$ cat protein_6.csv   # CSV, C-alpha atoms and all ligand atoms
chain,number,residue,atom,x,y,z
P,1,MET,CA,0.0,0.0,0.0
P,2,PRO,CA,1.5,3.4,-0.9
P,3,ILE,CA,2.5,5.6,2.0
P,4,THR,CA,0.2,8.5,2.6
P,5,LYS,CA,1.3,9.7,6.1
P,6,ALA,CA,4.4,11.7,7.0
P,7,ILE,CA,5.7,13.3,10.1
P,8,VAL,CA,7.9,16.4,9.9
P,9,LEU,CA,10.0,17.2,13.0
P,10,CYS,CA,9.8,20.9,13.6
P,11,ALA,CA,10.3,21.1,17.4
P,12,GLY,CA,14.0,21.9,17.5
P,13,GLU,CA,15.2,25.2,18.8
P,14,GLY,CA,17.8,25.8,16.1
P,15,THR,CA,20.5,26.8,18.5
P,16,ARG,CA,23.2,26.4,15.8
P,17,LEU,CA,21.4,29.1,13.7
P,18,ARG,CA,21.4,31.7,16.5
P,19,PRO,CA,21.0,34.7,16.4
P,20,LEU,CA,18.7,34.1,13.4
P,21,THR,CA,16.6,31.8,15.5
P,22,SER,CA,16.5,33.9,18.7
P,23,LEU,CA,13.1,35.2,17.7
P,24,SER,CA,12.0,33.1,14.7
P,25,PRO,CA,11.8,29.3,14.1
P,26,LYS,CA,14.5,27.7,12.0
P,27,HIS,CA,11.9,25.8,9.9
P,28,LEU,CA,10.5,29.1,8.7
P,29,MET,CA,13.9,30.6,7.6
P,30,PRO,CA,13.5,31.8,4.0
P,31,VAL,CA,15.6,30.2,1.3
P,32,ALA,CA,15.0,31.2,-2.3
P,33,GLY,CA,12.0,33.2,-1.3
P,34,LYS,CA,10.1,30.5,0.7
P,35,PRO,CA,10.5,29.0,4.2
P,36,LEU,CA,12.5,25.8,4.4
P,37,LEU,CA,9.3,24.0,5.6
P,38,ASP,CA,7.4,25.0,2.4
P,39,TRP,CA,10.0,23.2,0.2
P,40,ILE,CA,9.5,20.1,2.4
P,41,LEU,CA,5.7,20.1,2.2
P,42,VAL,CA,5.9,20.5,-1.5
P,43,ASP,CA,8.2,17.4,-1.7
P,44,LEU,CA,5.9,15.4,0.5
P,45,ALA,CA,2.8,16.3,-1.5
P,46,ALA,CA,4.6,15.4,-4.7
P,47,ALA,CA,5.4,12.0,-3.3
P,48,GLY,CA,1.7,11.2,-2.7
P,49,ILE,CA,1.6,12.1,1.0
P,50,LYS,CA,-1.9,13.2,2.1
P,51,GLN,CA,-1.6,13.6,5.9
P,52,VAL,CA,1.2,15.3,7.6
P,53,GLY,CA,1.8,15.4,11.3
P,54,LEU,CA,4.0,18.3,12.4
P,55,VAL,CA,5.9,17.7,15.6
P,56,VAL,CA,6.1,21.1,17.2
P,57,GLY,CA,7.6,22.5,20.4
P,58,HIS,CA,9.6,25.6,20.3
P,59,TYR,CA,7.7,28.4,18.3
P,60,SER,CA,4.8,26.1,17.7
P,61,GLU,CA,2.4,29.0,17.2
P,62,ALA,CA,4.4,30.5,14.3
P,63,ILE,CA,4.5,27.1,12.6
P,64,LYS,CA,0.8,26.5,13.1
P,65,GLU,CA,0.0,29.9,11.7
P,66,TYR,CA,2.1,29.3,8.6
P,67,VAL,CA,0.9,25.8,7.7
P,68,GLY,CA,-2.6,26.1,9.0
P,69,GLU,CA,-4.7,23.1,7.9
P,70,GLY,CA,-2.2,22.3,5.2
P,71,SER,CA,-4.6,22.8,2.3
P,72,HIS,CA,-2.3,25.1,0.5
P,73,TRP,CA,-0.1,22.1,-0.2
P,74,GLY,CA,-3.0,19.6,-0.7
P,75,LEU,CA,-2.3,18.1,2.7
P,76,THR,CA,-4.2,17.7,5.9
P,77,ALA,CA,-2.0,18.9,8.8
P,78,THR,CA,-2.1,17.6,12.4
P,79,TYR,CA,0.0,19.2,15.1
P,80,LEU,CA,1.7,16.9,17.6
P,81,THR,CA,3.4,18.5,20.6
P,82,GLN,CA,6.8,17.5,21.9
P,83,GLU,CA,6.8,19.1,25.3
P,84,GLN,CA,10.6,18.6,26.0
P,85,PRO,CA,13.3,18.1,23.4
P,86,GLN,CA,14.4,14.6,24.2
P,87,GLY,CA,15.7,13.4,20.9
P,88,LEU,CA,14.4,12.4,17.5
P,89,ALA,CA,13.1,9.0,18.6
P,90,HIS,CA,11.1,10.8,21.4
P,91,ALA,CA,9.7,13.2,18.7
P,92,VAL,CA,8.7,10.3,16.4
P,93,ASN,CA,7.0,8.7,19.4
P,94,THR,CA,4.6,11.6,19.8
P,95,ALA,CA,3.2,10.5,16.4
P,96,ARG,CA,2.2,7.0,17.5
P,97,GLU,CA,-1.6,7.6,17.5
P,98,PHE,CA,-1.4,9.7,14.3
P,99,VAL,CA,0.4,6.9,12.5
P,100,GLY,CA,-1.7,4.0,13.7
P,101,GLN,CA,-1.0,0.8,11.8
P,102,GLU,CA,0.4,2.4,8.6
P,103,SER,CA,3.9,2.8,7.2
P,104,PHE,CA,5.1,6.4,7.3
P,105,VAL,CA,7.8,8.9,6.4
P,106,VAL,CA,9.8,10.9,8.9
P,107,TYR,CA,11.3,14.1,7.5
P,108,LEU,CA,13.6,16.3,9.7
P,109,GLY,CA,12.4,19.8,9.2
P,110,ASP,CA,15.8,21.2,8.2
P,111,THR,CA,16.6,18.7,5.4
P,112,VAL,CA,17.1,19.6,1.8
P,113,VAL,CA,17.7,16.8,-0.8
P,114,GLU,CA,17.9,16.9,-4.5
P,115,PRO,CA,16.1,13.7,-5.6
P,116,ASP,CA,12.4,13.5,-4.6
P,117,LEU,CA,11.1,11.3,-1.9
P,118,THR,CA,9.6,8.7,-4.3
P,119,GLU,CA,13.1,7.3,-4.9
P,120,LEU,CA,13.4,6.2,-1.2
P,121,LEU,CA,9.7,5.2,-0.9
P,122,ASP,CA,9.9,2.9,-4.0
P,123,ARG,CA,12.9,1.0,-2.5
P,124,PHE,CA,11.1,0.8,0.9
P,125,GLU,CA,8.0,-0.7,-0.7
P,126,GLN,CA,9.8,-3.0,-3.2
P,127,GLN,CA,11.9,-4.6,-0.4
P,128,GLN,CA,9.1,-4.6,2.1
P,129,ALA,CA,11.5,-3.1,4.6
P,130,ASN,CA,10.8,-2.1,8.2
P,131,ALA,CA,13.0,0.9,7.9
P,132,ALA,CA,14.7,2.7,5.0
P,133,VAL,CA,17.3,5.4,5.4
P,134,TRP,CA,19.0,7.6,2.9
P,135,VAL,CA,22.8,7.7,3.2
P,136,LYS,CA,25.4,9.9,1.6
P,137,GLU,CA,29.1,9.9,1.7
P,138,VAL,CA,30.5,12.9,3.6
P,139,ASP,CA,34.0,14.1,4.6
P,140,ASP,CA,33.4,14.2,8.3
P,141,PRO,CA,30.8,11.6,9.4
P,142,ARG,CA,31.3,12.3,13.1
P,143,ARG,CA,28.6,15.0,12.9
P,144,TYR,CA,26.0,12.5,11.8
P,145,GLY,CA,24.4,9.1,12.3
P,146,VAL,CA,26.6,6.7,10.4
P,147,VAL,CA,25.7,3.4,8.6
P,148,GLU,CA,28.2,0.6,8.1
P,149,MET,CA,27.4,-1.6,5.1
P,150,GLN,CA,28.7,-4.8,3.5
P,151,GLN,CA,27.8,-4.6,-0.1
P,152,ASP,CA,24.2,-3.6,0.0
P,153,THR,CA,23.5,-4.9,3.5
P,154,VAL,CA,23.3,-2.7,6.6
P,155,VAL,CA,25.4,-4.2,9.4
P,156,GLN,CA,25.5,-1.3,11.9
P,157,LEU,CA,24.1,2.1,12.6
P,158,VAL,CA,25.8,4.5,15.1
P,159,GLU,CA,25.0,8.0,16.1
P,160,LYS,CA,27.8,10.6,16.0
P,161,PRO,CA,30.6,8.1,16.4
P,162,ALA,CA,34.1,9.4,17.5
P,163,ASP,CA,35.6,6.7,15.3
P,164,PRO,CA,33.1,6.3,12.3
P,165,PRO,CA,32.9,2.8,10.8
P,166,SER,CA,32.3,4.4,7.4
P,167,ASN,CA,31.7,7.8,5.8
P,168,LEU,CA,28.1,7.1,5.0
P,169,ALA,CA,26.0,9.7,6.9
P,170,ILE,CA,22.3,9.2,7.6
P,171,VAL,CA,20.3,11.9,5.7
P,172,GLY,CA,17.3,13.2,7.7
P,173,ILE,CA,14.6,11.4,5.8
P,174,TYR,CA,13.3,7.9,6.8
P,175,ALA,CA,10.5,5.5,6.0
P,176,PHE,CA,9.2,3.2,8.7
P,177,THR,CA,6.6,0.5,9.5
P,178,PRO,CA,4.9,1.0,12.9
P,179,HIS,CA,7.5,-1.6,14.2
P,180,ILE,CA,9.7,1.4,14.9
P,181,PHE,CA,7.6,2.2,17.9
P,182,GLN,CA,8.4,-1.1,19.5
P,183,ALA,CA,12.1,-0.3,18.9
P,184,ILE,CA,11.7,3.1,20.5
P,185,ASP,CA,10.2,1.4,23.6
P,186,HIS,CA,13.4,-0.5,24.0
P,187,ILE,CA,16.1,2.2,23.7
P,188,LYS,CA,17.8,4.2,26.4
P,189,PRO,CA,19.0,7.8,26.2
P,190,SER,CA,22.4,8.2,24.5
P,191,ALA,CA,25.5,9.9,26.0
P,192,ARG,CA,24.0,13.3,24.9
P,193,GLY,CA,20.9,12.4,26.9
P,194,GLU,CA,18.6,12.0,23.9
P,195,TYR,CA,16.5,9.1,22.6
P,196,GLU,CA,18.2,8.6,19.2
P,197,ILE,CA,16.3,7.4,16.2
P,198,THR,CA,19.6,5.8,15.0
P,199,ASP,CA,19.5,3.6,18.1
P,200,ALA,CA,15.9,2.6,17.5
P,201,ILE,CA,16.8,1.6,13.9
P,202,GLN,CA,19.8,-0.5,15.3
P,203,TRP,CA,17.3,-2.2,17.6
P,204,LEU,CA,15.1,-3.0,14.6
P,205,LEU,CA,18.1,-4.4,12.7
P,206,ASP,CA,19.1,-6.6,15.7
P,207,ASN,CA,15.6,-7.8,16.5
P,208,GLU,CA,13.4,-7.8,13.4
P,209,GLY,CA,15.7,-7.1,10.4
P,210,GLY,CA,14.4,-5.4,7.3
P,211,VAL,CA,16.6,-2.2,7.6
P,212,ILE,CA,17.8,-0.9,4.2
P,213,ALA,CA,20.0,2.1,3.3
P,214,HIS,CA,19.7,3.8,-0.1
P,215,ARG,CA,22.6,5.9,-1.4
P,216,LEU,CA,21.7,9.4,-2.3
P,217,GLU,CA,23.5,10.7,-5.3
P,218,GLY,CA,22.4,14.4,-5.5
P,219,PHE,CA,22.6,17.4,-3.2
P,220,TRP,CA,21.9,17.1,0.5
P,221,GLU,CA,22.2,19.7,3.2
P,222,ASP,CA,20.9,19.9,6.7
P,223,ALA,CA,20.5,23.6,7.3
P,224,GLY,CA,22.1,23.6,10.7
P,225,TYR,CA,24.3,26.7,10.4
P,226,PRO,CA,23.8,30.1,8.8
P,227,GLU,CA,26.3,29.1,6.0
P,228,ASP,CA,24.1,26.1,5.2
P,229,LEU,CA,21.1,28.4,4.7
P,230,LEU,CA,23.2,30.3,2.0
P,231,LEU,CA,24.1,27.0,0.4
P,232,VAL,CA,20.5,25.9,0.3
P,233,ASN,CA,19.4,29.3,-1.0
P,234,ARG,CA,21.8,28.9,-3.9
P,235,PHE,CA,20.7,25.3,-4.6
P,236,TYR,CA,17.0,26.4,-4.9
P,237,LEU,CA,17.7,29.6,-6.7
P,238,ASP,CA,19.5,27.7,-9.4
P,239,ARG,CA,16.3,25.7,-10.0
P,240,CYS,CA,13.7,28.4,-9.8
P,241,GLU,CA,11.5,29.7,-12.6
P,242,LEU,CA,11.0,33.3,-11.8
P,243,THR,CA,8.9,36.2,-13.1
P,244,VAL,CA,9.0,40.0,-12.8
P,245,GLN,CA,5.8,41.4,-11.4
P,246,GLY,CA,6.9,44.7,-9.9
P,247,LEU,CA,8.1,47.9,-11.6
P,248,VAL,CA,11.7,48.0,-13.0
P,249,ASP,CA,12.5,51.5,-14.3
P,250,GLU,CA,14.4,52.2,-17.5
P,251,SER,CA,17.7,53.0,-15.8
P,252,SER,CA,17.8,49.6,-14.2
P,253,LYS,CA,19.1,46.3,-15.6
P,254,ILE,CA,17.9,42.8,-14.9
P,255,GLU,CA,20.4,40.0,-15.9
P,256,GLY,CA,19.6,36.3,-15.8
P,257,MET,CA,16.8,34.6,-13.9
P,258,VAL,CA,15.4,37.2,-11.5
P,259,GLY,CA,12.1,37.3,-9.6
P,260,VAL,CA,10.6,40.6,-8.7
P,261,GLY,CA,7.5,40.5,-6.4
P,262,SER,CA,4.3,42.5,-6.7
P,263,ASP,CA,4.2,46.2,-5.6
P,264,THR,CA,8.0,46.3,-5.7
P,265,ARG,CA,9.9,49.2,-7.3
P,266,ILE,CA,13.4,48.9,-8.6
P,267,SER,CA,15.1,52.0,-9.8
P,268,ALA,CA,18.7,52.9,-11.0
P,269,SER,CA,19.8,49.4,-10.0
P,270,THR,CA,21.2,46.2,-11.4
P,271,VAL,CA,19.9,42.8,-10.3
P,272,ILE,CA,21.9,39.8,-11.4
P,273,GLY,CA,20.2,36.4,-11.3
P,274,PRO,CA,19.6,34.0,-10.0
P,275,SER,CA,18.0,36.3,-7.4
P,276,ILE,CA,14.6,37.1,-5.9
P,277,ILE,CA,13.3,40.4,-4.7
P,278,GLY,CA,10.1,39.9,-2.7
P,279,ASP,CA,6.8,41.8,-2.7
P,280,GLN,CA,6.5,45.5,-1.6
P,281,CYS,CA,10.2,46.3,-1.7
P,282,VAL,CA,11.9,49.4,-2.7
P,283,ILE,CA,15.4,49.0,-4.3
P,284,GLU,CA,17.3,52.2,-5.3
P,285,HIS,CA,20.8,52.7,-6.6
P,286,CYS,CA,21.8,49.1,-5.8
P,287,SER,CA,23.7,46.3,-7.4
P,288,LEU,CA,22.2,43.0,-6.2
P,289,GLY,CA,23.1,39.4,-7.0
P,290,PRO,CA,23.9,36.8,-7.9
P,291,TYR,CA,22.3,34.6,-5.3
P,292,VAL,CA,20.5,37.3,-3.4
P,293,CYS,CA,17.1,36.7,-1.8
P,294,VAL,CA,15.3,39.7,-0.4
P,295,GLN,CA,12.1,39.1,1.5
P,296,ALA,CA,9.0,41.3,1.4
P,297,GLY,CA,8.9,44.8,2.7
P,298,CYS,CA,12.6,45.7,2.4
P,299,HIS,CA,14.0,49.0,1.5
P,300,ILE,CA,17.6,48.8,0.1
P,301,ALA,CA,19.4,51.8,-1.2
P,302,HIS,CA,23.0,52.6,-2.4
P,303,THR,CA,24.2,49.1,-1.5
P,304,THR,CA,25.8,46.1,-3.2
P,305,LEU,CA,24.7,42.7,-2.1
P,306,SER,CA,25.8,39.2,-3.3
P,307,ASN,CA,25.1,35.8,-1.9
P,308,CYS,CA,22.9,37.1,0.8
P,309,ILE,CA,19.5,36.4,2.4
P,310,VAL,CA,17.7,39.5,3.7
P,311,GLN,CA,14.5,38.7,5.6
P,312,GLU,CA,11.3,40.7,5.9
P,313,ASN,CA,11.1,44.4,6.5
P,314,CYS,CA,14.7,45.3,6.6
P,315,GLU,CA,16.3,48.7,5.7
P,316,ILE,CA,19.8,48.6,4.3
P,317,ARG,CA,21.3,51.7,2.9
P,318,ASP,CA,24.4,53.7,2.2
P,319,LEU,CA,27.0,50.9,2.6
P,320,THR,CA,30.0,52.1,0.8
P,321,VAL,CA,31.3,48.5,0.4
P,322,GLY,CA,29.5,45.3,-0.6
P,323,LEU,CA,27.7,43.0,1.7
P,324,VAL,CA,28.5,39.4,0.9
P,325,ASP,CA,27.8,35.9,2.2
P,326,SER,CA,25.4,37.3,4.8
P,327,VAL,CA,22.1,36.4,6.4
P,328,VAL,CA,20.1,39.3,7.8
P,329,GLY,CA,17.1,38.6,10.1
P,330,ARG,CA,13.7,40.4,10.1
P,331,ASP,CA,13.2,44.1,10.8
P,332,VAL,CA,16.9,44.9,10.8
P,333,GLU,CA,18.3,48.3,10.1
P,334,ILE,CA,21.9,48.6,8.6
P,335,VAL,CA,22.7,52.2,7.8
P,336,GLY,CA,26.0,53.6,6.6
P,337,GLY,CA,29.5,52.2,6.9
P,338,GLY,CA,32.2,50.2,5.2
P,339,ARG,CA,35.1,52.4,6.0
P,340,ARG,CA,37.7,49.6,5.9
P,341,GLY,CA,37.1,49.1,2.2
P,342,GLU,CA,36.7,45.3,2.4
P,343,PRO,CA,33.2,43.7,1.7
P,344,LEU,CA,31.3,43.1,4.9
P,345,SER,CA,29.9,39.7,5.8
P,346,MET,CA,27.6,39.2,8.8
P,347,ILE,CA,24.9,37.1,10.4
P,348,VAL,CA,22.4,39.5,12.0
P,349,GLY,CA,19.6,38.5,14.3
P,350,ASP,CA,16.0,39.9,14.1
P,351,MET,CA,15.4,43.6,15.0
P,352,SER,CA,19.1,44.5,15.2
P,353,ARG,CA,20.2,48.1,14.5
P,354,ILE,CA,23.6,48.7,13.0
P,355,ARG,CA,24.9,52.2,12.1
P,356,ASN,CA,28.1,53.5,10.6
P,357,LEU,CA,30.1,50.3,10.7
E,401,LIG,C1,20.2,14.1,13.2
E,401,LIG,C2,20.3,12.6,13.4
E,401,LIG,C3,21.5,12.0,12.6
E,401,LIG,C4,21.5,12.5,11.1
E,401,LIG,C5,21.3,14.0,11.1
E,401,LIG,C6,21.0,14.4,9.6
E,401,LIG,O1,21.3,14.7,13.9
E,401,LIG,O2,20.4,12.2,14.7
E,401,LIG,O3,21.6,10.6,12.7
E,401,LIG,O4,22.6,12.1,10.5
E,401,LIG,O5,20.2,14.4,11.8
E,401,LIG,O6,20.9,15.8,9.5
E,401,LIG,P1,21.1,16.2,14.6
E,401,LIG,O7,20.9,17.1,13.5
E,401,LIG,O8,20.0,16.0,15.5
E,401,LIG,O9,22.5,16.4,15.2
$ encode --input "protein_6.csv" --output "structure tokens"
Amino acid sequence: MPITKAIVLCAGEGTRLRPLTSLSPKHLMPVAGKPLLDWILVDLAAAGIKQVGLVVGHYSEAIKEYVGEGSHWGLTATYLTQEQPQGLAHAVNTAREFVGQESFVVYLGDTVVEPDLTELLDRFEQQQANAAVWVKEVDDPRRYGVVEMQQDTVVQLVEKPADPPSNLAIVGIYAFTPHIFQAIDHIKPSARGEYEITDAIQWLLDNEGGVIAHRLEGFWEDAGYPEDLLLVNRFYLDRCELTVQGLVDESSKIEGMVGVGSDTRISASTVIGPSIIGDQCVIEHCSLGPYVCVQAGCHIAHTTLSNCIVQENCEIRDLTVGLVDSVVGRDVEIVGGGRRGEPLSMIVGDMSRIRNL
């Protein structure tokens, strides 16, 4: 039977993304013009998922407000509360009732992968597995759950090993039968005090079998750090079809794939694609792009930006040097500066005020 249920884990605090997540949830961080979570819900809907359970904790209200009943994505959304962050297995366990007797997908809410979900689900169904994980070769597997394989057979899974048995990292997307709940009942907290989903899968492997790992060939990023957001932003911008809706005056130049939102005015500026300028922005005497994503309601003047994400309602003006490789939170004001001549690069939390740098 095709899988129609998924749970998306959105309860994490996003501490590694601070200060960007000091006032906003990481799952709603914009990349290429849309929150991370939007891209995940699109992927789930495209793979035939109908019901999504969102495990929420920190910032649950903001997530509920954004996803609502899920109809925008053709999904039915249910909210599952994880009171305390006690690990991924604990988060999955909150979905026991929601899942019932069906197989289901688990999607970590900060995961971006290139191939769509159907690739993993097809393998899971063909092999009638109890658990399927996506794995990808990485340079430093110690940051991840790691799978040891002999040919195509999984022999061991271990979470954040000091001495990794392979360089195959577990990508944060899984498919399970409800047997996983039995496994979760048997595991103990790890050294970092969390119930690890990796340990639950190891229990399944030891006691029931049917654990498969599928190698992911394309792009994968877990958007844990601000630099990862910029990477993911570039990944999606390279794949976007964009249109110009706002007003671009005759003295401005648009080069390449550029999106300009409605009620936005661009004057005396150059915008190099791929880049997106959101709705209701004013852009004057600027050079923006490539890989710039400006969210709605921003006013940017006399400034050069490249490889930057600027969130809603910011004012950036009169920077005499460029701003590069930066993520700027919501409602930020950056006015004047750049005396040292080098381009500036910064990660700025919501509601910050920076003057005459
Ligand atoms: C979690 C999982 C880990 C997996 C990683 C993928 O780690 O525990 O097995 O490899 O996601 O992003 P965390 O992000 O909680 O450190």
$ residues_near_point --input "protein_6.csv" --point "(23.0, 6.3, -1.8)" --cutoff "9 Å" --atoms "all atoms listed in the file" --output "mmCIF file with C-alpha atoms, in the coordinates of the input"
data_model
loop_
_atom_site.group_PDB
_atom_site.id
_atom_site.type_symbol
_atom_site.label_atom_id
_atom_site.label_comp_id
_atom_site.auth_asym_id
_atom_site.auth_seq_id
_atom_site.Cartn_x
_atom_site.Cartn_y
_atom_site.Cartn_z
ATOM 1 C CA TRP P 134 19.000 7.600 2.900
ATOM 2 C CA VAL P 135 22.800 7.700 3.200
ATOM 3 C CA LYS P 136 25.400 9.900 1.600
ATOM 4 C CA GLU P 137 29.100 9.900 1.700
ATOM 5 C CA LEU P 168 28.100 7.100 5.000
ATOM 6 C CA ALA P 213 20.000 2.100 3.300
ATOM 7 C CA HIS P 214 19.700 3.800 -0.100
ATOM 8 C CA ARG P 215 22.600 5.900 -1.400
ATOM 9 C CA LEU P 216 21.700 9.400 -2.300
ATOM 10 C CA GLU P 217 23.500 10.700 -5.300
ATOM 11 C CA GLY P 218 22.400 14.400 -5.500
#
$ residues_around --input "protein_6.csv" --residues "segment 44-58 of chain P" --least-positions-apart "3" --cutoff "9 Å" --atoms "all atoms listed in the file" --output "CSV table (one decimal) with C-alpha atoms, keeping the file's coordinate frame"
chain,number,residue,atom,x,y,z
P,2,PRO,CA,1.5,3.4,-0.9
P,3,ILE,CA,2.5,5.6,2.0
P,4,THR,CA,0.2,8.5,2.6
P,5,LYS,CA,1.3,9.7,6.1
P,6,ALA,CA,4.4,11.7,7.0
P,7,ILE,CA,5.7,13.3,10.1
P,8,VAL,CA,7.9,16.4,9.9
P,9,LEU,CA,10.0,17.2,13.0
P,10,CYS,CA,9.8,20.9,13.6
P,11,ALA,CA,10.3,21.1,17.4
P,12,GLY,CA,14.0,21.9,17.5
P,13,GLU,CA,15.2,25.2,18.8
P,25,PRO,CA,11.8,29.3,14.1
P,39,TRP,CA,10.0,23.2,0.2
P,40,ILE,CA,9.5,20.1,2.4
P,41,LEU,CA,5.7,20.1,2.2
P,61,GLU,CA,2.4,29.0,17.2
P,63,ILE,CA,4.5,27.1,12.6
P,64,LYS,CA,0.8,26.5,13.1
P,70,GLY,CA,-2.2,22.3,5.2
P,73,TRP,CA,-0.1,22.1,-0.2
P,74,GLY,CA,-3.0,19.6,-0.7
P,75,LEU,CA,-2.3,18.1,2.7
P,76,THR,CA,-4.2,17.7,5.9
P,77,ALA,CA,-2.0,18.9,8.8
P,78,THR,CA,-2.1,17.6,12.4
P,79,TYR,CA,0.0,19.2,15.1
P,80,LEU,CA,1.7,16.9,17.6
P,81,THR,CA,3.4,18.5,20.6
P,82,GLN,CA,6.8,17.5,21.9
P,83,GLU,CA,6.8,19.1,25.3
P,84,GLN,CA,10.6,18.6,26.0
P,85,PRO,CA,13.3,18.1,23.4
P,91,ALA,CA,9.7,13.2,18.7
P,92,VAL,CA,8.7,10.3,16.4
P,94,THR,CA,4.6,11.6,19.8
P,95,ALA,CA,3.2,10.5,16.4
P,98,PHE,CA,-1.4,9.7,14.3
P,99,VAL,CA,0.4,6.9,12.5
P,105,VAL,CA,7.8,8.9,6.4
P,107,TYR,CA,11.3,14.1,7.5
P,116,ASP,CA,12.4,13.5,-4.6
P,117,LEU,CA,11.1,11.3,-1.9
P,118,THR,CA,9.6,8.7,-4.3
P,121,LEU,CA,9.7,5.2,-0.9
$ residues_around --input "protein_6.csv" --residues "Pro189 of chain P" --least-positions-apart "6" --cutoff "10 Å" --atoms "only C-alpha atoms" --output "list in words"
Gln86, Gly87, Ala89, His90, Tyr195, Glu196 and Asp199 of chain P
$ closest_residue --input "protein_6.csv" --among "P:Val260, P:Ile197, P:Val113, P:Val133" --to "ligand LIG 401 (chain E)" --atoms "only C-alpha atoms and all ligand atoms"
P:Ile197
$ atom_distance --input "protein_6.csv" --atom1 "atom CA of Val154 of chain P" --atom2 "atom CA of Ser190 of chain P"
21.0 Å
$ closest_residue --input "protein_6.csv" --among "P:His27, P:His302, P:Tyr236, P:Pro35" --to "Ser60 of chain P" --atoms "only C-alpha atoms"
P:His27
$ closest_residue --input "protein_6.csv" --among "P:Asn233, P:Gln245, P:Gln182, P:Ser269" --to "Ser326 of chain P" --atoms "only C-alpha atoms"
P:Asn233
$ residues_around --input "protein_6.csv" --residues "His179 of chain P" --least-positions-apart "4" --cutoff "12 Å" --atoms "all atoms listed in the file" --output "PyMOL selection string"
chain P and resi 93+96+99-104+129-131+175+183-186+200-201+203-205+207-211
$ write_last_selection --input "protein_6.csv" --atoms "C-alpha atoms" --output "mmCIF file, in the coordinates of the input"
data_model
loop_
_atom_site.group_PDB
_atom_site.id
_atom_site.type_symbol
_atom_site.label_atom_id
_atom_site.label_comp_id
_atom_site.auth_asym_id
_atom_site.auth_seq_id
_atom_site.Cartn_x
_atom_site.Cartn_y
_atom_site.Cartn_z
ATOM 1 C CA ASN P 93 7.000 8.700 19.400
ATOM 2 C CA ARG P 96 2.200 7.000 17.500
ATOM 3 C CA VAL P 99 0.400 6.900 12.500
ATOM 4 C CA GLY P 100 -1.700 4.000 13.700
ATOM 5 C CA GLN P 101 -1.000 0.800 11.800
ATOM 6 C CA GLU P 102 0.400 2.400 8.600
ATOM 7 C CA SER P 103 3.900 2.800 7.200
ATOM 8 C CA PHE P 104 5.100 6.400 7.300
ATOM 9 C CA ALA P 129 11.500 -3.100 4.600
ATOM 10 C CA ASN P 130 10.800 -2.100 8.200
ATOM 11 C CA ALA P 131 13.000 0.900 7.900
ATOM 12 C CA ALA P 175 10.500 5.500 6.000
ATOM 13 C CA ALA P 183 12.100 -0.300 18.900
ATOM 14 C CA ILE P 184 11.700 3.100 20.500
ATOM 15 C CA ASP P 185 10.200 1.400 23.600
ATOM 16 C CA HIS P 186 13.400 -0.500 24.000
ATOM 17 C CA ALA P 200 15.900 2.600 17.500
ATOM 18 C CA ILE P 201 16.800 1.600 13.900
ATOM 19 C CA TRP P 203 17.300 -2.200 17.600
ATOM 20 C CA LEU P 204 15.100 -3.000 14.600
ATOM 21 C CA LEU P 205 18.100 -4.400 12.700
ATOM 22 C CA ASN P 207 15.600 -7.800 16.500
ATOM 23 C CA GLU P 208 13.400 -7.800 13.400
ATOM 24 C CA GLY P 209 15.700 -7.100 10.400
ATOM 25 C CA GLY P 210 14.400 -5.400 7.300
ATOM 26 C CA VAL P 211 16.600 -2.200 7.600
#
